[in-house]
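**Q** Contents of protein.tsv (TSV, C-alpha atoms) are given next:
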chain	number	residue	atom	x	y	z
A	1	MET	CA	-75.91	-323.00	-80.43
A	2	SER	CA	-77.10	-321.01	-83.47
A	3	ALA	CA	-77.66	-322.64	-86.83
A	4	HIS	CA	-75.26	-320.32	-88.66
A	5	VAL	CA	-72.40	-321.24	-86.30
A	6	LEU	CA	-72.89	-324.96	-86.94
A	7	ASP	CA	-73.22	-324.27	-90.67
A	8	ALA	CA	-69.86	-322.49	-90.55
A	9	ALA	CA	-68.28	-325.42	-88.69
A	10	ILE	CA	-69.62	-327.84	-91.31
A	11	ALA	CA	-68.19	-325.64	-94.08
A	12	TRP	CA	-64.79	-325.61	-92.39
A	13	GLN	CA	-64.79	-329.39	-92.01
A	14	LEU	CA	-65.61	-329.84	-95.69
A	15	GLU	CA	-62.81	-327.49	-96.68
A	16	LEU	CA	-60.25	-329.07	-94.36
A	17	ASP	CA	-61.20	-332.59	-95.44
A	18	ALA	CA	-60.68	-331.59	-99.07
A	19	GLY	CA	-57.01	-330.76	-98.38
A	20	ALA	CA	-56.96	-327.06	-97.58
A	21	GLU	CA	-53.90	-324.86	-98.11
A	22	PRO	CA	-51.91	-323.55	-95.11
A	23	ALA	CA	-53.65	-320.17	-95.42
A	24	ALA	CA	-57.01	-321.86	-94.99
A	25	HIS	CA	-55.79	-323.67	-91.87
A	26	ALA	CA	-54.66	-320.36	-90.44
A	27	ALA	CA	-58.03	-318.78	-91.22
A	28	PHE	CA	-59.77	-321.72	-89.57
A	29	SER	CA	-57.66	-321.28	-86.43
A	30	ARG	CA	-58.65	-317.60	-86.28
A	31	TRP	CA	-62.32	-318.52	-86.67
A	32	LEU	CA	-62.05	-321.16	-83.96
A	33	GLU	CA	-60.52	-318.74	-81.46
A	34	ALA	CA	-62.84	-315.87	-82.26
A	35	ASP	CA	-65.77	-317.13	-80.20
A	36	PRO	CA	-66.36	-319.88	-77.58
A	37	GLU	CA	-69.48	-320.80	-79.55
A	38	HIS	CA	-67.26	-321.67	-82.52
A	39	ARG	CA	-65.18	-324.03	-80.39
A	40	ARG	CA	-68.26	-325.70	-78.95
A	41	ALA	CA	-69.74	-326.26	-82.42
A	42	TRP	CA	-66.46	-327.72	-83.64
A	43	ARG	CA	-66.22	-330.09	-80.65
A	44	GLN	CA	-69.76	-331.37	-81.22
A	45	LEU	CA	-69.18	-331.86	-84.93
A	46	CYS	CA	-65.93	-333.73	-84.24
A	47	ALA	CA	-67.69	-335.94	-81.70
A	48	LEU	CA	-70.28	-336.89	-84.31
A	49	ASP	CA	-67.55	-337.47	-86.87
A	50	ALA	CA	-65.62	-339.73	-84.50
A	51	GLY	CA	-68.70	-341.88	-84.01
A	52	LEU	CA	-69.18	-342.29	-87.76
A	53	ARG	CA	-65.62	-342.90	-88.92
A	54	PRO	CA	-65.21	-346.42	-87.40
A	55	LEU	CA	-68.26	-347.51	-89.36
A	56	GLN	CA	-66.76	-346.47	-92.72
A	57	ALA	CA	-69.63	-344.07	-93.27
A	58	ALA	CA	-67.91	-341.50	-95.49
A	59	PRO	CA	-70.77	-341.20	-98.03
A	60	LEU	CA	-73.37	-340.87	-95.28
A	61	ARG	CA	-71.21	-338.47	-93.32
A	62	ALA	CA	-70.94	-336.37	-96.45
A	63	ALA	CA	-74.73	-336.41	-96.73
A	64	LEU	CA	-74.91	-334.62	-93.39
A	65	LEU	CA	-72.13	-332.16	-94.15
A	66	ARG	CA	-73.57	-331.24	-97.54
A	67	ALA	CA	-77.08	-330.52	-96.24
A	68	PRO	CA	-78.42	-327.07	-97.28
A	69	ARG	CA	-76.43	-324.51	-95.33
A	70	ASN	CA	-79.28	-322.04	-94.92
A	71	ARG	CA	-81.34	-324.43	-92.83
A	72	HIS	CA	-81.31	-325.29	-89.17
A	73	ARG	CA	-78.96	-328.11	-88.15
A	74	ARG	CA	-81.93	-330.36	-87.41
A	75	THR	CA	-82.57	-330.41	-91.16
A	76	ALA	CA	-79.05	-331.71	-91.61
A	77	ALA	CA	-79.65	-334.19	-88.82
A	78	ALA	CA	-82.77	-335.44	-90.59
A	79	VAL	CA	-80.76	-336.03	-93.79
A	80	LEU	CA	-78.28	-338.23	-91.97
A	81	ALA	CA	-80.95	-339.89	-89.82
A	82	GLY	CA	-82.58	-341.25	-92.98
A	83	ALA	CA	-79.23	-342.47	-94.21
A	84	LEU	CA	-78.42	-344.09	-90.89
A	85	LEU	CA	-81.36	-346.42	-91.22
A	86	ALA	CA	-80.02	-347.68	-94.56
A	87	GLY	CA	-77.28	-349.76	-92.94
A	88	VAL	CA	-77.22	-352.03	-89.93
A	89	GLY	CA	-73.98	-350.59	-88.60
A	90	LEU	CA	-75.26	-347.02	-88.70
A	91	ALA	CA	-78.59	-348.06	-87.26
A	92	ALA	CA	-76.60	-349.47	-84.36
A	93	LEU	CA	-75.00	-346.08	-83.86
A	94	GLU	CA	-78.41	-344.43	-83.76
A	95	GLN	CA	-79.64	-347.07	-81.31
A	96	ARG	CA	-76.79	-346.28	-78.95
A	97	MET	CA	-77.17	-342.50	-79.11
A	98	PRO	CA	-79.67	-340.52	-81.22
A	99	LEU	CA	-78.19	-338.08	-83.70
A	100	ALA	CA	-80.15	-335.25	-82.08
A	101	ALA	CA	-78.36	-335.94	-78.79
A	102	ARG	CA	-74.97	-335.91	-80.51
A	103	LEU	CA	-75.64	-332.47	-81.95
A	104	ALA	CA	-77.27	-330.93	-78.87
A	105	ASP	CA	-75.68	-328.82	-76.14
A	106	TYR	CA	-76.75	-331.49	-73.64
A	107	GLY	CA	-77.48	-335.06	-74.72
A	108	THR	CA	-77.76	-338.61	-73.40
A	109	ALA	CA	-77.30	-342.02	-74.95
A	110	THR	CA	-79.69	-344.94	-74.62
A	111	GLY	CA	-79.91	-345.93	-70.95
A	112	GLU	CA	-77.93	-342.90	-69.81
A	113	ARG	CA	-79.02	-340.23	-67.32
A	114	ARG	CA	-77.07	-337.07	-66.64
A	115	GLN	CA	-77.22	-333.96	-64.47
A	116	PHE	CA	-76.05	-330.47	-65.44
A	117	ALA	CA	-75.77	-327.19	-63.56
A	118	LEU	CA	-77.11	-324.37	-65.74
A	119	PRO	CA	-75.53	-320.89	-65.83
A	120	ASP	CA	-78.19	-319.46	-63.47
A	121	GLY	CA	-77.72	-322.21	-60.88
A	122	SER	CA	-80.75	-324.24	-61.96
A	123	GLN	CA	-80.35	-328.00	-62.18
A	124	LEU	CA	-81.13	-329.93	-65.35
A	125	TYR	CA	-81.53	-333.72	-65.37
A	126	LEU	CA	-81.68	-335.61	-68.67
A	127	ASN	CA	-83.33	-338.99	-68.97
A	128	THR	CA	-82.42	-341.62	-71.56
A	129	ARG	CA	-82.07	-340.57	-75.25
A	130	SER	CA	-82.62	-336.86	-74.66
A	131	ALA	CA	-81.38	-333.74	-76.43
A	132	VAL	CA	-81.49	-330.17	-75.10
A	133	ASP	CA	-80.11	-326.89	-76.43
A	134	LEU	CA	-79.34	-323.96	-74.16
A	135	ALA	CA	-80.70	-320.51	-75.13
A	136	PHE	CA	-80.02	-318.14	-72.25
A	137	ASP	CA	-79.94	-314.45	-73.19
A	138	SER	CA	-80.77	-311.06	-71.67
A	139	GLU	CA	-84.52	-311.60	-72.06
A	140	ARG	CA	-85.11	-315.13	-70.83
A	141	ARG	CA	-83.57	-318.40	-69.72
A	142	ALA	CA	-84.69	-320.93	-72.31
A	143	LEU	CA	-84.11	-324.62	-72.96
A	144	HIS	CA	-85.09	-326.26	-76.25
A	145	LEU	CA	-86.08	-329.90	-75.75
A	146	ALA	CA	-85.73	-331.68	-79.09
A	147	THR	CA	-86.31	-335.22	-77.89
A	148	GLY	CA	-86.48	-337.26	-74.70
A	149	GLU	CA	-87.30	-336.19	-71.15
A	150	ILE	CA	-85.92	-333.71	-68.62
A	151	LEU	CA	-86.39	-332.72	-65.01
A	152	VAL	CA	-85.80	-329.07	-64.14
A	153	GLU	CA	-85.18	-327.61	-60.69
A	154	THR	CA	-85.14	-323.84	-61.13
A	155	ALA	CA	-82.83	-321.61	-59.10
A	156	HIS	CA	-84.34	-318.97	-56.82
A	157	ALA	CA	-81.88	-316.05	-56.94
A	158	ALA	CA	-83.64	-312.89	-55.78
A	159	ALA	CA	-81.89	-310.78	-58.43
A	160	GLU	CA	-82.96	-313.05	-61.30
A	161	THR	CA	-85.87	-311.52	-63.24
A	162	ARG	CA	-85.66	-313.40	-66.54
A	163	PRO	CA	-88.39	-316.03	-67.00
A	164	PHE	CA	-87.32	-319.67	-67.19
A	165	VAL	CA	-88.92	-321.42	-70.17
A	166	VAL	CA	-88.74	-324.90	-71.69
A	167	LEU	CA	-89.54	-324.85	-75.41
A	168	THR	CA	-90.63	-327.71	-77.64
A	169	ALA	CA	-92.32	-327.86	-81.03
A	170	ASP	CA	-95.62	-327.95	-79.14
A	171	GLY	CA	-95.23	-324.76	-77.11
A	172	ALA	CA	-93.59	-322.95	-74.22
A	173	LEU	CA	-93.60	-324.03	-70.56
A	174	ARG	CA	-92.86	-321.13	-68.20
A	175	ALA	CA	-91.68	-322.04	-64.72
A	176	LEU	CA	-93.33	-320.33	-61.77
A	177	GLY	CA	-90.60	-321.10	-59.23
A	178	THR	CA	-90.81	-324.81	-59.55
A	179	ARG	CA	-89.67	-328.38	-60.16
A	180	PHE	CA	-91.16	-330.11	-63.19
A	181	VAL	CA	-90.72	-332.87	-65.77
A	182	VAL	CA	-91.09	-332.41	-69.52
A	183	ARG	CA	-91.25	-335.35	-71.93
A	184	LYS	CA	-91.48	-335.11	-75.71
A	185	LEU	CA	-93.95	-337.61	-77.14
A	186	ASP	CA	-95.13	-338.29	-80.68
A	187	THR	CA	-98.53	-336.91	-79.68
A	188	GLY	CA	-97.30	-333.75	-77.94
A	189	THR	CA	-95.33	-332.62	-74.90
A	190	LEU	CA	-96.19	-334.16	-71.54
A	191	LEU	CA	-95.77	-331.73	-68.63
A	192	THR	CA	-95.68	-333.02	-65.05
A	193	VAL	CA	-95.39	-330.54	-62.19
A	194	VAL	CA	-93.72	-331.94	-59.08
A	195	HIS	CA	-93.69	-328.72	-57.08
A	196	SER	CA	-95.23	-325.23	-57.49
A	197	ALA	CA	-96.64	-324.52	-60.98
A	198	VAL	CA	-95.89	-324.10	-64.69
A	199	ALA	CA	-97.70	-321.88	-67.21
A	200	ALA	CA	-98.16	-323.82	-70.47
A	201	GLN	CA	-98.64	-321.89	-73.72
A	202	PRO	CA	-99.40	-323.85	-76.92
A	203	ALA	CA	-97.31	-322.93	-79.96
A	204	ARG	CA	-100.26	-321.61	-81.97
A	205	ARG	CA	-102.04	-319.77	-79.17
A	206	SER	CA	-101.30	-316.76	-76.98
A	207	ASP	CA	-103.08	-317.85	-73.79
A	208	GLU	CA	-101.49	-319.88	-70.99
A	209	ARG	CA	-102.84	-322.69	-68.80
A	210	ARG	CA	-101.55	-323.05	-65.26
A	211	ILE	CA	-100.61	-326.61	-64.24
A	212	GLY	CA	-100.06	-327.01	-60.50
A	213	THR	CA	-98.32	-329.33	-58.06
A	214	GLY	CA	-99.14	-333.00	-58.58
A	215	GLU	CA	-100.77	-332.40	-61.99
A	216	ARG	CA	-99.84	-333.35	-65.52
A	217	ALA	CA	-101.16	-332.32	-68.92
A	218	LEU	CA	-100.41	-332.96	-72.58
A	219	VAL	CA	-99.46	-329.84	-74.50
A	220	HIS	CA	-99.77	-329.67	-78.26
A	221	ALA	CA	-99.53	-326.81	-80.72
A	222	ASP	CA	-103.26	-326.01	-80.66
A	223	GLY	CA	-104.03	-326.38	-76.96
A	224	VAL	CA	-103.44	-327.93	-73.57
A	225	GLY	CA	-105.27	-331.10	-72.61
A	226	PRO	CA	-107.13	-331.47	-69.31
A	227	ALA	CA	-104.98	-331.61	-66.18
A	228	ALA	CA	-104.91	-334.98	-64.44
A	229	ALA	CA	-103.32	-336.34	-61.28
A	230	ALA	CA	-99.66	-337.14	-61.87
A	231	PRO	CA	-98.08	-340.40	-60.67
A	232	ALA	CA	-96.57	-339.95	-57.23
A	233	GLU	CA	-93.11	-340.97	-58.45
A	234	ALA	CA	-93.08	-339.26	-61.83
A	235	ASP	CA	-89.51	-338.09	-61.31
A	236	ALA	CA	-88.15	-341.33	-59.82
A	237	TRP	CA	-86.10	-341.92	-62.98
A	238	ARG	CA	-83.72	-339.21	-61.73
A	239	ASP	CA	-82.65	-341.72	-59.07
A	240	GLY	CA	-82.59	-344.65	-61.49
A	241	MET	CA	-85.95	-346.13	-60.52
A	242	LEU	CA	-89.20	-346.88	-62.32
A	243	VAL	CA	-92.15	-346.95	-59.91
A	244	VAL	CA	-95.49	-348.24	-61.21
A	245	GLU	CA	-98.82	-348.95	-59.54
A	246	ASN	CA	-101.48	-351.07	-61.23
A	247	ALA	CA	-100.08	-350.28	-64.67
A	248	PRO	CA	-100.62	-352.39	-67.81
A	249	LEU	CA	-97.75	-354.75	-68.50
A	250	ALA	CA	-97.36	-353.39	-72.03
A	251	GLU	CA	-96.86	-349.88	-70.63
A	252	VAL	CA	-94.24	-351.05	-68.13
A	253	VAL	CA	-92.33	-353.03	-70.77
A	254	ALA	CA	-92.39	-350.06	-73.14
A	255	GLU	CA	-91.01	-347.81	-70.40
A	256	LEU	CA	-88.17	-350.22	-69.60
A	257	GLY	CA	-87.52	-350.54	-73.30
A	258	ARG	CA	-86.57	-346.86	-73.48
A	259	TYR	CA	-83.40	-347.71	-71.56
A	260	ARG	CA	-82.05	-350.36	-73.91
A	261	PRO	CA	-81.30	-350.49	-77.65
A	262	GLY	CA	-83.34	-352.63	-80.01
A	263	HIS	CA	-86.80	-354.15	-79.62
A	264	THR	CA	-88.43	-354.77	-76.25
A	265	GLY	CA	-91.95	-356.15	-76.46
A	266	VAL	CA	-94.67	-358.23	-74.88
A	267	ASP	CA	-96.98	-360.90	-76.25
A	268	ALA	CA	-100.32	-359.30	-77.13
A	269	ALA	CA	-102.18	-361.78	-74.92
A	270	LEU	CA	-100.29	-360.48	-71.87
A	271	ALA	CA	-100.41	-356.74	-72.59
A	272	GLY	CA	-103.28	-356.03	-70.20
A	273	LEU	CA	-101.81	-357.74	-67.11
A	274	ARG	CA	-101.53	-355.28	-64.22
A	275	VAL	CA	-98.20	-354.55	-62.58
A	276	THR	CA	-97.21	-352.87	-59.32
A	277	GLY	CA	-93.59	-352.58	-58.32
A	278	THR	CA	-90.27	-350.77	-58.39
A	279	PHE	CA	-87.64	-351.54	-61.01
A	280	SER	CA	-84.04	-350.43	-61.48
A	281	LEU	CA	-83.30	-348.50	-64.66
A	282	ASP	CA	-79.58	-349.10	-64.43
A	283	ASP	CA	-79.97	-352.66	-65.73
A	284	SER	CA	-83.17	-352.82	-67.76
A	285	GLY	CA	-82.42	-356.38	-68.87
A	286	ARG	CA	-82.34	-357.56	-65.27
A	287	ALA	CA	-85.48	-355.55	-64.51
A	288	LEU	CA	-87.30	-357.26	-67.38
A	289	GLN	CA	-86.15	-360.66	-66.15
A	290	ALA	CA	-87.42	-359.84	-62.65
A	291	LEU	CA	-90.73	-358.76	-64.16
A	292	ALA	CA	-90.99	-362.04	-66.06
A	293	ASP	CA	-90.11	-364.10	-62.98
A	294	GLY	CA	-92.61	-362.25	-60.82
A	295	LEU	CA	-95.44	-362.86	-63.27
A	296	GLY	CA	-94.46	-366.41	-64.18
A	297	LEU	CA	-93.58	-365.50	-67.78
A	298	ARG	CA	-90.68	-366.20	-70.13
A	299	LEU	CA	-88.24	-363.59	-71.36
A	300	LEU	CA	-87.38	-364.62	-74.90
A	301	ARG	CA	-84.05	-363.39	-76.29
A	302	ARG	CA	-83.32	-363.30	-80.01
A	303	GLY	CA	-79.89	-361.79	-80.13
A	304	PRO	CA	-78.71	-358.88	-77.97
A	305	TRP	CA	-81.31	-356.43	-79.28
A	306	TRP	CA	-84.56	-358.39	-79.20
A	307	LEU	CA	-86.41	-359.20	-75.95
A	308	THR	CA	-90.04	-360.31	-75.65
A	309	LEU	CA	-92.14	-361.26	-72.65
A	310	ALA	CA	-94.15	-364.36	-73.52
A	311	PRO	CA	-96.37	-366.92	-71.77
A	312	ALA	CA	-94.54	-369.55	-69.75
A	313	THR	CA	-95.73	-372.34	-72.03
Please express what this file holds, its structure, as structure tokens.
**A**
Amino acid sequence: MSAHVLDAAIAWQLELDAGAEPAAHAAFSRWLEADPEHRRAWRQLCALDAGLRPLQAAPLRAALLRAPRNRHRRTAAAVLAGALLAGVGLAALEQRMPLAARLADYGTATGERRQFALPDGSQLYLNTRSAVDLAFDSERRALHLATGEILVETAHAAAETRPFVVLTADGALRALGTRFVVRKLDTGTLLTVVHSAVAAQPARRSDERRIGTGERALVHADGVGPAAAAPAEADAWRDGMLVVENAPLAEVVAELGRYRPGHTGVDAALAGLRVTGTFSLDDSGRALQALADGLGLRLLRRGPWWLTLAPAT
């Protein structure tokens, strides 16, 4: 969805909320019917609005709607994101589903995984707390990953000549007839190739690096890190499983914590314990309890949003 379309939808919502005349309502109806993109933008804006209204967030909602109209919607999202953290109720909303996911073409809430069929027949899987915008045109088939993690299985139609590309702030990942995982991290974009290969191009460079089957590499704006062997079950989350082998406990707890709201932590003295096992992502609380039981630890609960693994005594 383009920024100017969402800006127009925001302008219409402001006008309608202010008590527009019948002529304005008629003009809005014409705008809504003029383009499917207009209807999609309006649906997404209404979905966000519905999530905010029960929390009596009119001033904060207005902060989003009054964001500078000549900027991309993520600027508006950032305005509201800061406001969300000002109140416990709105922070709870963000914990359940990130604002970026609410505004995206495809999004998932905390603990949610979803599958989508793309217009070219490719399959897109979203992991927890992910946001993706679709940008297919006559030149290329592009996905913009704003946050979270995706698995892509590209279609293989003989007549399809447009390149398939996943874009993040760190660069472009061009599929070479493949299946691959892309995860947005604070330090860059982690690319894992499950089958075939992907050409990774950093945002500030023109050259590409080929990452092949069973390899992973961290992509950032100035380059691509060295390729390393990828975990054998890097895409197991698609089936609701976390598979780890000799991994630090802190890393495993952090991974399970992605699937639940609030704080999930581990006592610093236990962080280096090694873990091997398979855990269900559909009930991360139960998985954490099983982890604690298996290691002879305690799972401390301080309210519904605070879990910590601690020594037994």
**Q** Compute the distance from (-93.6, -332.5, -63.8) to each atom, counting all atoms listed in the file, keep the residues with any atom at most 7 Å away, and return them as a list in words; use the coordinates of the file.
**A**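 In the file's frame, the residues around the point are Arg179, Phe180, Val181, Val182, Leu191, Thr192, Val193, Val194 and Arg216 of chain A.
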**Q** Restricting the calculation to all atoms listed in the file: of A:Ala250, A:His25, A:Val5, A:Lys184, which residue gets closest to A:Arg40?
**A**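 So, comparing all the options, the nearest one is A:Val5.
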**Q** How far is it from atom CA of A:Arg30 to atom CA of A:Leu99, in Å with one decimal?
**A**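 Value for the atom CA of A:Arg30-atom CA of A:Leu99 distance: 28.4 Å.
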**Q** Report as JSON lines: every residue of stretch 118-148 of chain A with an atom at most 8 Å from stretch 157-165 of chain A, its closest pair of atoms, and their distance in Å to one decimal, counting all atoms listed in the file, with rows sorted by chain and ascending residue number.
**A**
{"residue": "A:Ser138", "atom": "CA", "partner": "A:Arg162", "partner_atom": "CA", "distance": 7.5}
{"residue": "A:Glu139", "atom": "CA", "partner": "A:Arg162", "partner_atom": "CA", "distance": 5.9}
{"residue": "A:Arg140", "atom": "CA", "partner": "A:Arg162", "partner_atom": "CA", "distance": 4.7}
{"residue": "A:Arg141", "atom": "CA", "partner": "A:Phe164", "partner_atom": "CA", "distance": 4.7}
{"residue": "A:Ala142", "atom": "CA", "partner": "A:Val165", "partner_atom": "CA", "distance": 4.8}
{"residue": "A:Leu143", "atom": "CA", "partner": "A:Val165", "partner_atom": "CA", "distance": 6.4}
**Q** Using only C-alpha atoms for the distances, tell me which of A:Ala200, A:Ala101, A:Ala155, A:Ser284 is nearest to A:Ala117.
**A**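 The closest residue to A:Ala117 is A:Ala155.
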**Q** Just the number, please: distance in Å from atom CA of A:Arg113 to atom CA of A:His263, one decimal.
**A** 20.1 Å
**Q** So that I can see what lies close to stretch 222-238 of chain A, please list as a PyMOL selection string the residues with an atom at most 6 Å from it, counting all atoms listed in the file and leaving out residues fewer than 5 positions away in the same chain.
**A** chain A and resi 202+204+214-217
**Q** Report, in Å to a single decimal, how far apart atom CA of A:Leu309 and atom CA of A:Arg286 are.
**A** 12.8 Å
**Q** If you count all atoms listed in the file, which residues fall within 6 Å of stretch 254-259 of chain A, apart from same-chain ones fewer than 4 positions away, as a list in words?
**A**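 After dropping sequence-adjacent residues, the list is Thr110, Gly111, Thr264 and Ser284 of chain A.
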**Q** Skip A:Glu149 itself and residues of its chain fewer than 6 positions away, then list as a PyMOL selection string all residues within 9 Å of it, counting only C-alpha atoms.
**A** chain A and resi 125-131+181-184
**Q** Hey, which of A:Leu307, A:Ala203, A:Ile211, A:Met97 ends up closest to A:Gly262? Count all atoms listed in the file.
**A**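 Of the candidates, the smallest distance to A:Gly262 is held by A:Leu307.
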**Q** Looking at A:Ser29, A:Gly107, A:Leu16, A:Val166, which one is nearest to A:Ala135, with distances taken over only C-alpha atoms?
**A**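 Selected residue with least distance to A:Ala135: A:Val166.
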**Q** Rank A:Gly177, A:Pro311, A:Pro36, A:Gly277 by their smallest atom-to-atom distance to A:Thr154, using all atoms listed in the file, and report the top residue only.
**A**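 Closest to A:Thr154, using all atoms listed in the file: A:Gly177.
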**Q** Let me make sure I understand: among A:Leu167, A:Leu190, A:Ala175, A:Ala41, which one has the smallest atom-to-atom distance to A:Arg102 if we use only C-alpha atoms?
**A**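 Going through A:Leu167, A:Leu190, A:Ala175, A:Ala41 one by one, the smallest distance to A:Arg102 is for A:Ala41.
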**Q** If the box runs along x, y and z of the file and leaves 5 Å on each side of stretch 197-213 of chain A, what are its centre and edge lengths in Å, one decimal, as JSON?
**A**
{"center_x": -99.5, "center_y": -323.0, "center_z": -70.0, "size_x": 17.2, "size_y": 22.6, "size_z": 33.9}
**Q** May I have the residues within 8 Å of A:Val253 as a list in words, using only C-alpha atoms and disregarding those fewer than 6 positions away in the same chain?
**A** Thr264, Gly265, Val266 and Leu288 of chain A
